[in-house]
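Here is the file my_file.txt (compact mmCIF, C-alpha atoms and all ligand atoms).
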# COMPACT_ATOMS: atom_id res chain seq x y z
CA MET A 1361 70.35 115.03 92.78
CA LYS A 1362 73.66 114.82 90.98
CA VAL A 1363 75.91 112.03 92.27
CA ILE A 1364 79.54 111.96 91.15
CA VAL A 1365 81.53 108.87 92.12
CA LEU A 1366 85.25 109.52 91.84
CA PRO A 1367 87.46 107.00 90.02
CA ASP A 1368 89.30 104.43 92.16
CA VAL A 1369 86.72 103.72 94.86
CA GLY A 1370 86.26 100.41 96.70
CA PHE A 1371 88.91 97.84 97.54
CA CYS A 1372 92.51 98.53 96.53
CA TYR A 1373 94.75 95.86 95.11
CA GLY A 1374 96.28 94.92 98.51
CA VAL A 1375 92.96 94.63 100.33
CA LYS A 1376 91.41 92.60 97.52
CA ARG A 1377 94.42 90.30 97.57
CA SER A 1378 94.09 89.65 101.33
CA ILE A 1379 90.36 88.97 101.02
CA ASP A 1380 91.00 86.58 98.10
CA PHE A 1381 93.44 84.60 100.29
CA CYS A 1382 90.67 84.23 102.90
CA LYS A 1383 88.11 83.20 100.28
CA GLU A 1384 90.51 80.51 99.06
CA HIS A 1385 90.61 78.97 102.55
CA LYS A 1386 87.12 79.59 103.88
CA ASP A 1387 85.93 76.00 103.19
CA ASN A 1388 88.96 74.41 104.81
CA LYS A 1389 87.94 72.11 107.67
CA LYS A 1390 90.84 73.28 109.86
CA ALA A 1391 90.41 76.10 112.40
CA LEU A 1392 90.84 79.48 110.66
CA PHE A 1393 92.27 82.50 112.45
CA LEU A 1394 92.78 86.16 111.52
CA LEU A 1395 95.83 87.76 113.16
CA GLY A 1396 93.96 91.00 113.88
CA MET A 1397 91.64 92.95 111.58
CA LEU A 1398 92.39 91.66 108.08
CA VAL A 1399 91.62 95.15 106.75
CA HIS A 1400 90.36 98.26 108.51
CA ASN A 1401 86.71 97.80 107.77
CA ASP A 1402 84.16 96.37 110.19
CA LEU A 1403 81.82 95.15 107.44
CA VAL A 1404 84.59 93.07 105.89
CA ASN A 1405 85.79 91.66 109.21
CA ARG A 1406 82.26 90.86 110.36
CA THR A 1407 81.59 88.94 107.15
CA LEU A 1408 84.76 86.91 107.69
CA LEU A 1409 83.75 86.10 111.28
CA GLN A 1410 80.31 85.01 110.05
CA ASN A 1411 82.10 82.69 107.62
CA GLY A 1412 83.87 80.81 110.39
CA PHE A 1413 87.08 82.81 110.83
CA GLN A 1414 88.08 83.60 114.41
CA MET A 1415 89.90 86.76 115.44
CA ILE A 1416 93.09 86.53 117.49
CA GLU A 1417 92.74 89.29 120.08
CA ASN A 1418 96.22 89.45 121.60
CA GLU A 1419 99.44 87.54 122.24
CA ASN A 1420 97.95 85.33 124.98
CA ASP A 1421 95.06 84.44 122.73
CA LEU A 1422 97.53 83.48 119.99
CA LEU A 1423 99.47 81.21 122.34
CA TYR A 1424 96.24 79.62 123.56
CA GLN A 1425 94.90 78.95 120.05
CA LEU A 1426 98.26 77.62 118.81
CA LYS A 1427 98.21 75.11 121.66
CA LYS A 1428 94.60 74.15 121.03
CA HIS A 1429 94.86 74.08 117.20
CA PRO A 1430 98.46 73.24 116.25
CA ASP A 1431 97.23 72.40 112.73
CA GLY A 1432 95.21 75.63 112.44
CA ILE A 1433 95.54 78.19 109.64
CA PHE A 1434 96.64 81.67 110.72
CA ILE A 1435 96.17 84.56 108.29
CA SER A 1436 98.08 87.83 108.60
CA THR A 1437 96.52 91.27 108.04
CA ALA A 1438 97.08 93.22 104.80
CA HIS A 1439 99.37 95.53 106.77
CA GLY A 1440 101.64 92.87 108.18
CA ILE A 1441 102.56 90.99 111.35
CA SER A 1442 105.79 90.98 113.35
CA GLU A 1443 108.65 88.52 112.84
CA LYS A 1444 108.01 87.34 116.40
CA THR A 1445 104.40 86.38 115.60
CA LYS A 1446 105.48 84.65 112.37
CA LYS A 1447 108.09 82.63 114.24
CA ARG A 1448 105.60 81.61 116.95
CA ILE A 1449 103.19 80.22 114.37
CA ILE A 1450 105.84 78.43 112.32
CA ASP A 1451 107.54 76.99 115.42
CA ALA A 1452 104.19 75.64 116.64
CA GLY A 1453 103.83 73.77 113.33
CA ALA A 1454 100.66 75.66 112.31
CA LYS A 1455 100.14 77.08 108.82
CA LEU A 1456 100.84 80.77 108.29
CA ILE A 1457 99.34 82.61 105.35
CA ASP A 1458 101.08 85.93 105.01
CA THR A 1459 98.75 88.29 103.12
CA THR A 1460 100.88 91.39 103.75
CA CYS A 1461 100.38 93.78 100.85
CA PRO A 1462 103.46 93.89 98.57
CA VAL A 1463 103.59 97.71 98.90
CA VAL A 1464 103.84 97.39 102.69
CA ASN A 1465 106.32 94.56 102.39
CA GLU A 1466 108.66 96.52 100.14
CA ASN A 1467 108.68 99.47 102.54
CA ARG A 1468 109.25 97.11 105.46
CA GLN A 1469 112.23 95.42 103.76
CA LYS A 1470 113.78 98.86 103.17
CA ILE A 1471 113.28 99.75 106.84
CA ILE A 1472 115.00 96.55 107.97
CA ARG A 1473 117.90 97.19 105.55
CA TYR A 1474 118.45 100.70 106.93
CA TYR A 1475 118.30 99.31 110.46
CA GLN A 1476 120.82 96.58 109.70
CA ASN A 1477 123.11 99.23 108.21
CA GLY A 1478 123.17 101.19 111.46
CA TYR A 1479 120.49 103.81 110.79
CA ASP A 1480 117.97 105.17 113.28
CA ILE A 1481 114.61 105.27 111.50
CA ILE A 1482 112.18 108.09 112.33
CA TYR A 1483 108.89 106.64 111.15
CA ILE A 1484 105.85 108.88 110.57
CA GLY A 1485 102.81 106.74 111.28
CA LYS A 1486 99.83 106.13 113.46
CA LYS A 1487 100.28 104.65 116.92
CA GLY A 1488 98.69 101.22 117.23
CA HIS A 1489 98.35 100.70 113.45
CA ALA A 1490 99.23 97.14 112.34
CA GLU A 1491 101.84 98.36 109.84
CA GLY A 1492 103.95 100.19 112.43
CA GLU A 1493 103.26 97.60 115.15
CA ALA A 1494 104.71 94.87 112.94
CA ILE A 1495 108.09 96.64 112.77
CA LYS A 1496 108.14 98.50 116.08
CA GLU A 1497 111.53 97.10 117.13
CA TYR A 1498 113.20 98.86 114.18
CA ILE A 1499 111.67 102.34 114.34
CA HIS A 1500 111.02 105.53 116.33
CA LEU A 1501 107.31 106.03 115.65
CA ILE A 1502 106.19 109.65 115.59
CA GLU A 1503 102.70 111.00 115.08
CA ASN A 1504 102.99 114.67 116.11
CA ASP A 1505 105.31 117.52 117.20
CA SER A 1506 105.58 116.39 120.80
CA ASP A 1507 106.80 112.94 119.68
CA ILE A 1508 109.62 114.73 117.81
CA ASN A 1509 110.54 116.69 120.95
CA GLN A 1510 110.94 113.43 122.83
CA LEU A 1511 113.35 111.85 120.35
CA LEU A 1512 116.84 111.34 121.81
CA ILE A 1513 118.79 110.03 118.83
CA GLN A 1514 122.56 110.49 118.71
CA ASN A 1515 123.41 108.86 115.43
CA PRO A 1516 124.94 110.49 112.34
CA ASN A 1517 122.82 108.10 110.27
CA ILE A 1518 119.12 108.92 110.47
CA VAL A 1519 116.45 108.33 107.87
CA ILE A 1520 112.84 109.56 107.83
CA MET A 1521 110.37 106.97 106.61
CA ASN A 1522 106.62 106.40 106.96
CA GLN A 1523 103.53 104.25 107.12
CA THR A 1524 102.38 103.74 103.52
CA THR A 1525 98.86 105.11 104.03
CA MET A 1526 99.85 108.55 105.33
CA SER A 1527 99.23 111.70 103.25
CA GLU A 1528 101.57 114.39 101.95
CA MET A 1529 99.88 116.74 104.42
CA ASP A 1530 101.31 114.74 107.36
CA PHE A 1531 104.82 115.06 106.00
CA LYS A 1532 104.56 118.76 105.19
CA SER A 1533 104.15 119.74 108.81
CA LEU A 1534 106.40 117.14 110.46
CA ILE A 1535 109.44 116.91 108.19
CA PRO A 1536 110.61 120.54 108.69
CA LEU A 1537 110.40 119.97 112.46
CA ILE A 1538 112.44 116.77 112.22
CA HIS A 1539 115.01 118.60 110.07
CA GLN A 1540 115.23 121.43 112.61
CA LYS A 1541 116.34 118.86 115.17
CA TYR A 1542 118.28 116.53 112.85
CA PRO A 1543 119.33 118.54 109.77
CA TRP A 1544 121.34 115.60 108.43
CA ALA A 1545 118.41 113.15 108.41
CA LEU A 1546 117.76 111.57 105.00
CA GLU A 1547 114.24 111.19 103.60
CA ASP A 1548 113.04 107.93 102.07
CA LEU A 1549 109.28 108.33 101.98
CA CYS A 1550 106.80 105.93 100.45
CA ILE A 1551 103.09 106.72 100.10
CA CYS A 1552 101.18 103.77 98.67
CA PRO A 1553 100.51 104.69 95.01
CA PHE A 1554 96.89 103.54 95.31
CA THR A 1555 96.30 105.79 98.33
CA LEU A 1556 98.13 108.69 96.69
CA LYS A 1557 96.04 108.35 93.53
CA ARG A 1558 92.83 108.70 95.57
CA GLN A 1559 94.17 111.79 97.34
CA LYS A 1560 95.13 113.30 93.95
CA ASN A 1561 91.69 112.50 92.45
CA VAL A 1562 90.03 114.39 95.29
CA LEU A 1563 92.30 117.43 94.97
CA GLU A 1564 91.86 117.49 91.20
CA GLU A 1565 88.07 117.41 91.52
CA ILE A 1566 88.10 120.14 94.18
CA ASN A 1567 90.33 122.37 92.06
CA LEU A 1568 88.47 121.81 88.78
CA HIS A 1569 84.76 121.50 89.52
CA HIS A 1570 83.88 121.81 93.16
CA SER A 1571 81.62 124.65 94.36
CA CYS A 1572 81.19 125.56 98.04
CA HIS A 1573 77.61 124.20 97.95
CA ASP A 1574 78.68 120.72 96.90
CA LYS A 1575 78.74 117.94 99.46
CA TRP A 1576 81.25 115.15 99.90
CA LEU A 1577 80.78 111.66 101.26
CA VAL A 1578 83.94 109.80 102.20
CA VAL A 1579 82.84 106.18 102.47
CA GLY A 1580 84.85 104.03 104.83
CA ASP A 1581 85.51 102.90 108.36
CA ILE A 1582 86.74 105.42 110.94
CA LYS A 1583 89.48 102.89 111.82
CA SER A 1584 90.94 103.10 108.32
CA ASN A 1585 93.90 105.47 108.21
CA ASN A 1586 93.70 106.24 104.49
CA THR A 1587 89.94 106.93 104.81
CA ASN A 1588 90.65 109.43 107.57
CA LYS A 1589 93.38 111.05 105.49
CA LEU A 1590 90.95 111.56 102.58
CA PHE A 1591 88.43 113.05 104.99
CA GLU A 1592 91.02 115.46 106.45
CA LEU A 1593 92.12 116.46 102.96
CA ILE A 1594 88.58 117.42 101.92
CA LYS A 1595 87.87 119.08 105.28
CA ASP A 1596 90.73 121.45 104.50
CA HIS A 1597 88.64 122.79 101.60
CA THR A 1598 85.03 122.45 102.73
CA ASN A 1599 82.95 121.72 105.81
CA ASN A 1600 80.32 119.98 103.66
CA CYS A 1601 82.09 116.68 104.10
CA TYR A 1602 80.92 113.54 105.92
CA LEU A 1603 82.63 110.25 106.76
CA VAL A 1604 80.04 107.46 106.47
CA ASN A 1605 80.16 103.69 106.56
CA SER A 1606 76.54 102.75 105.78
CA VAL A 1607 73.33 104.04 104.21
CA LEU A 1608 71.94 104.42 107.75
CA GLU A 1609 74.61 107.01 108.54
CA ILE A 1610 73.54 109.10 105.53
CA MET A 1611 69.89 109.33 106.55
CA PRO A 1612 70.34 112.05 109.22
CA LEU A 1613 72.37 114.27 106.86
CA LYS A 1614 69.28 115.98 105.39
CA LEU A 1615 70.43 115.81 101.80
CA SER A 1616 68.13 117.34 99.18
CA SER A 1617 67.36 116.48 95.57
CA ASP A 1618 69.08 119.75 94.50
CA ASP A 1619 72.41 118.68 95.98
CA THR A 1620 75.52 117.69 94.09
CA ILE A 1621 77.23 114.89 96.00
CA TYR A 1622 80.77 113.70 95.44
CA ILE A 1623 81.64 110.19 96.63
CA CYS A 1624 85.12 108.88 97.30
CA SER A 1625 86.27 105.98 99.47
CA GLY A 1626 89.04 104.45 101.51
CA THR A 1627 90.88 101.45 100.16
CA SER A 1628 89.17 98.92 102.44
CA THR A 1629 85.60 99.98 101.57
CA PRO A 1630 83.56 97.28 99.80
CA ASN A 1631 82.49 98.32 96.27
CA GLN A 1632 79.04 96.97 97.05
CA LEU A 1633 78.60 99.60 99.80
CA ILE A 1634 79.42 102.40 97.33
CA GLU A 1635 76.74 101.01 94.99
CA GLU A 1636 74.16 100.84 97.81
CA ILE A 1637 74.90 104.43 98.81
CA LYS A 1638 74.69 105.67 95.23
CA GLU A 1639 71.37 103.89 94.74
CA TYR A 1640 70.00 105.40 97.94
CA LEU A 1641 71.09 108.93 96.98
CA LEU A 1642 69.55 108.73 93.53
CA LYS A 1643 66.18 108.00 95.10
CA ILE A 1644 66.19 111.21 97.20
S1 LIG A 1701 96.28 100.88 100.75
FE1 LIG A 1701 98.12 100.47 99.57
S2 LIG A 1701 99.49 99.63 101.09
FE2 LIG A 1701 97.45 99.42 101.96
S3 LIG A 1701 96.71 97.43 101.29
FE3 LIG A 1701 96.04 98.88 99.74
S4 LIG A 1701 97.63 98.78 98.16
FE4 LIG A 1701 98.49 97.91 100.03

Would you mind writing the structure in this file as structure tokens?
Amino acid sequence: MKVIVLPDVGFCYGVKRSIDFCKEHKDNKKALFLLGMLVHNDLVNRTLLQNGFQMIENENDLLYQLKKHPDGIFISTAHGISEKTKKRIIDAGAKLIDTTCPVVNENRQKIIRYYQNGYDIIYIGKKGHAEGEAIKEYIHLIENDSDINQLLIQNPNIVIMNQTTMSEMDFKSLIPLIHQKYPWALEDLCICPFTLKRQKNVLEEINLHHSCHDKWLVVGDIKSNNTNKLFELIKDHTNNCYLVNSVLEIMPLKLSSDDTIYICSGTSTPNQLIEEIKEYLLKI
């Protein structure tokens, strides 16, 4: 079997940074809380829970834990938390550790600036994702054509922006539709450079070397947006593509020793998992 691991797999800079913040505090005797999934990967979150971190499930849970542990440590996700949540924690006197990725933070600051300057912001993102949820009071979140149909903006100042882990594919279909409705809307798009690089690596490999018999494994959690975007990108070129998050999930795929397997990953996939998968494949 030939196994080709693409460059830039495993944790990205922002995910690694958030995990490092947690590692720094894991031995602290105070109660430790995660304000939602630190990153979109179950393996990572499960490990943190096993190490004594507790997950805040919702707003009521946050209020309850702040009351019970006013000296607790509350850690934000890599994709941000709302100003309201920040204020709640600070006002309660607890410690807030904001691990929001700098790429997300920069985009968020831009969004707030546009908003404060009177713009309506049409934001291409995924409903329920932490990044959009953290700024929902500033944006009109759209995910598909029907969301565009429902927009009722009457403002000469409109700007189209996005969640940082979307792909160019998402914009290609939606932006012309937004422009049909609002021809004057500006575009100020920001795809995370680390996510974009992985999408480009995949396309480059498909264009240069890929044959229709080759198989692709996208390693990552189904909850991770950038993992799904990589999967969709490859699916556009071949059906021999599988999204997996463990060696167990590879076993039913009936891979053979004659196969050529390409491996790429989402940005919240542990590097150790890629190694385990590679090791398993090389034994087939
Ligand atoms: S994918 Fe990009 S935006 Fe998200 S955490 Fe990683 S570096 Fe930050």

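Using all atoms listed in the file, the shortest contact distance between ligand LIG 1701 (chain A) and any of A:Asp1574, A:Glu1636, A:Asp1458, A:Glu1491 is found at A:Glu1491.
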
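The nearest approach to ligand LIG 1701 (chain A) among the residues A:Met1415, A:Ile1621, A:Ile1379, A:Cys1461, with all atoms listed in the file taken into account, belongs to A:Cys1461.
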
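Of the residues listed (A:Lys1455, A:Val1363, A:Tyr1479, A:Gly1370), A:Gly1370 shows the shortest atom-to-atom separation from Ile1634 of chain A; distances use only C-alpha atoms.
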
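Put simply, atom CA of Tyr1475 of chain A is 20.2 Å away from atom CA of Lys1541 of chain A.
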
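Interatomic distance, atom CA of Leu1422 of chain A to atom CA of Asn1465 of chain A: 22.6 Å.
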
Requested in this report: Mind checking which residues fall within 8 Å of segment 1424-1432 of chain A, counting all atoms listed in the file, ignoring those fewer than 6 positions away in the same chain, and posting them as a PyMOL selection string?
Outcome: chain A and resi 1390-1393+1449+1452-1455

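With a cut-off of 6 Å and using all atoms listed in the file, the polymer residues contacting ligand LIG 1701 (chain A) are A:Cys1372, A:Tyr1373, A:Gly1374, A:Val1375, A:Ala1438, A:Cys1461, A:Val1463, A:Val1464, A:Thr1524, A:Thr1525, A:Cys1552, A:Phe1554, A:Thr1555, A:Thr1627.
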
Report task. Mind giving me the straight-line distance from atom CA of Ser1506 of chain A to atom CA of Ala1490 of chain A in Å, one decimal? Result -> 22.0 Å

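Considering the residues A:Glu1639, A:Asp1505, A:Asp1451, A:Asp1548 and counting all atoms listed in the file, Arg1468 of chain A has its shortest atom-to-atom contact with A:Asp1548.
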
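With all atoms listed in the file as the basis for measurement, A:Gly1412 is the residue among A:Gly1412, A:Gly1626, A:Pro1367, A:Gly1580 that approaches Asn1388 of chain A most closely.
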
Query raised in the report: Using all atoms listed in the file, which residue out of A:Ser1584, A:Cys1572, A:Glu1384, A:Leu1641 lies closest to Lys1486 of chain A?
Result: A:Ser1584

Query raised in the report: Near Glu1417 of chain A, counting only C-alpha atoms, which residues have an atom at most 10 Å away, once you skip same-chain residues fewer than 6 positions from it, shown as a ChimeraX atom specification?
Result: /A:1394-1397

For Lys1595 of chain A, work out the shell of residues within 12 Å, counting only C-alpha atoms and skipping chain neighbours fewer than 3 positions away, then give it as a PDB file with C-alpha atoms, in the coordinates of the input.
ATOM      1  CA  VAL A1562      90.030 114.390  95.290  1.00  0.00           C
ATOM      2  CA  LEU A1563      92.300 117.430  94.970  1.00  0.00           C
ATOM      3  CA  ILE A1566      88.100 120.140  94.180  1.00  0.00           C
ATOM      4  CA  CYS A1572      81.190 125.560  98.040  1.00  0.00           C
ATOM      5  CA  LYS A1575      78.740 117.940  99.460  1.00  0.00           C
ATOM      6  CA  TRP A1576      81.250 115.150  99.900  1.00  0.00           C
ATOM      7  CA  LEU A1577      80.780 111.660 101.260  1.00  0.00           C
ATOM      8  CA  VAL A1578      83.940 109.800 102.200  1.00  0.00           C
ATOM      9  CA  ASN A1588      90.650 109.430 107.570  1.00  0.00           C
ATOM     10  CA  LYS A1589      93.380 111.050 105.490  1.00  0.00           C
ATOM     11  CA  LEU A1590      90.950 111.560 102.580  1.00  0.00           C
ATOM     12  CA  PHE A1591      88.430 113.050 104.990  1.00  0.00           C
ATOM     13  CA  GLU A1592      91.020 115.460 106.450  1.00  0.00           C
ATOM     14  CA  THR A1598      85.030 122.450 102.730  1.00  0.00           C
ATOM     15  CA  ASN A1599      82.950 121.720 105.810  1.00  0.00           C
ATOM     16  CA  ASN A1600      80.320 119.980 103.660  1.00  0.00           C
ATOM     17  CA  CYS A1601      82.090 116.680 104.100  1.00  0.00           C
ATOM     18  CA  TYR A1602      80.920 113.540 105.920  1.00  0.00           C
ATOM     19  CA  LEU A1603      82.630 110.250 106.760  1.00  0.00           C
TER      20      LEU A1603
END

Query raised in the report: Quick one: residues within 12 Å of Glu1443 of chain A, all atoms listed in the file counted, chain neighbours fewer than 2 positions away excluded, as a list in words?
Result: Ser1436, Gly1440, Ile1441, Thr1445, Lys1446, Lys1447, Arg1448, Ile1449, Ile1450, Asp1451, Leu1456, Asp1458, Arg1468, Gln1469, Ile1472, Glu1493, Ala1494, Ile1495, Lys1496, Glu1497 and Tyr1498 of chain A

Query raised in the report: Could you tell me, as a list of chain:residue names, which residues have any atom at most 8 Å from (104.9, 103.6, 112.4), counting all atoms listed in the file?
Result: A:Tyr1483, A:Ile1484, A:Gly1485, A:Lys1486, A:Lys1487, A:His1489, A:Glu1491, A:Gly1492, A:Glu1493, A:Ile1495, A:Lys1496, A:Ile1499, A:His1500, A:Leu1501, A:Ile1502, A:Asn1522, A:Gln1523

Report task. Find the residues near segment 1509-1519 of chain A: any atom within 6 Å, counting all atoms listed in the file, skip ones fewer than 3 places away on the same chain, and give them as number ranges by chain. Result -> A: 1479-1481, 1506, 1545-1547

Would you tabulate, counting only C-alpha atoms, all residues of segment 1548-1625 of chain A that have an atom at most 8 Å from an atom of segment 1526-1539 of chain A, showing the closest pair of atoms and their distance in Å to one decimal, sorted by chain then ascending number, as JSON lines?
{"residue": "A:Ile1551", "atom": "CA", "partner": "A:Met1526", "partner_atom": "CA", "distance": 6.4}
{"residue": "A:Leu1556", "atom": "CA", "partner": "A:Ser1527", "partner_atom": "CA", "distance": 7.3}
{"residue": "A:Gln1559", "atom": "CA", "partner": "A:Ser1527", "partner_atom": "CA", "distance": 7.8}
{"residue": "A:Asn1585", "atom": "CA", "partner": "A:Met1526", "partner_atom": "CA", "distance": 7.3}
{"residue": "A:Asn1586", "atom": "CA", "partner": "A:Met1526", "partner_atom": "CA", "distance": 6.6}
{"residue": "A:Lys1589", "atom": "CA", "partner": "A:Ser1527", "partner_atom": "CA", "distance": 6.3}
{"residue": "A:Leu1593", "atom": "CA", "partner": "A:Met1529", "partner_atom": "CA", "distance": 7.9}

May I have the residues from that selection written out with C-alpha atoms, as a PDB file, in the frame of the given file?
ATOM      1  CA  ILE A1551     103.090 106.720 100.100  1.00  0.00           C
ATOM      2  CA  LEU A1556      98.130 108.690  96.690  1.00  0.00           C
ATOM      3  CA  GLN A1559      94.170 111.790  97.340  1.00  0.00           C
ATOM      4  CA  ASN A1585      93.900 105.470 108.210  1.00  0.00           C
ATOM      5  CA  ASN A1586      93.700 106.240 104.490  1.00  0.00           C
ATOM      6  CA  LYS A1589      93.380 111.050 105.490  1.00  0.00           C
ATOM      7  CA  LEU A1593      92.120 116.460 102.960  1.00  0.00           C
TER       8      LEU A1593
END
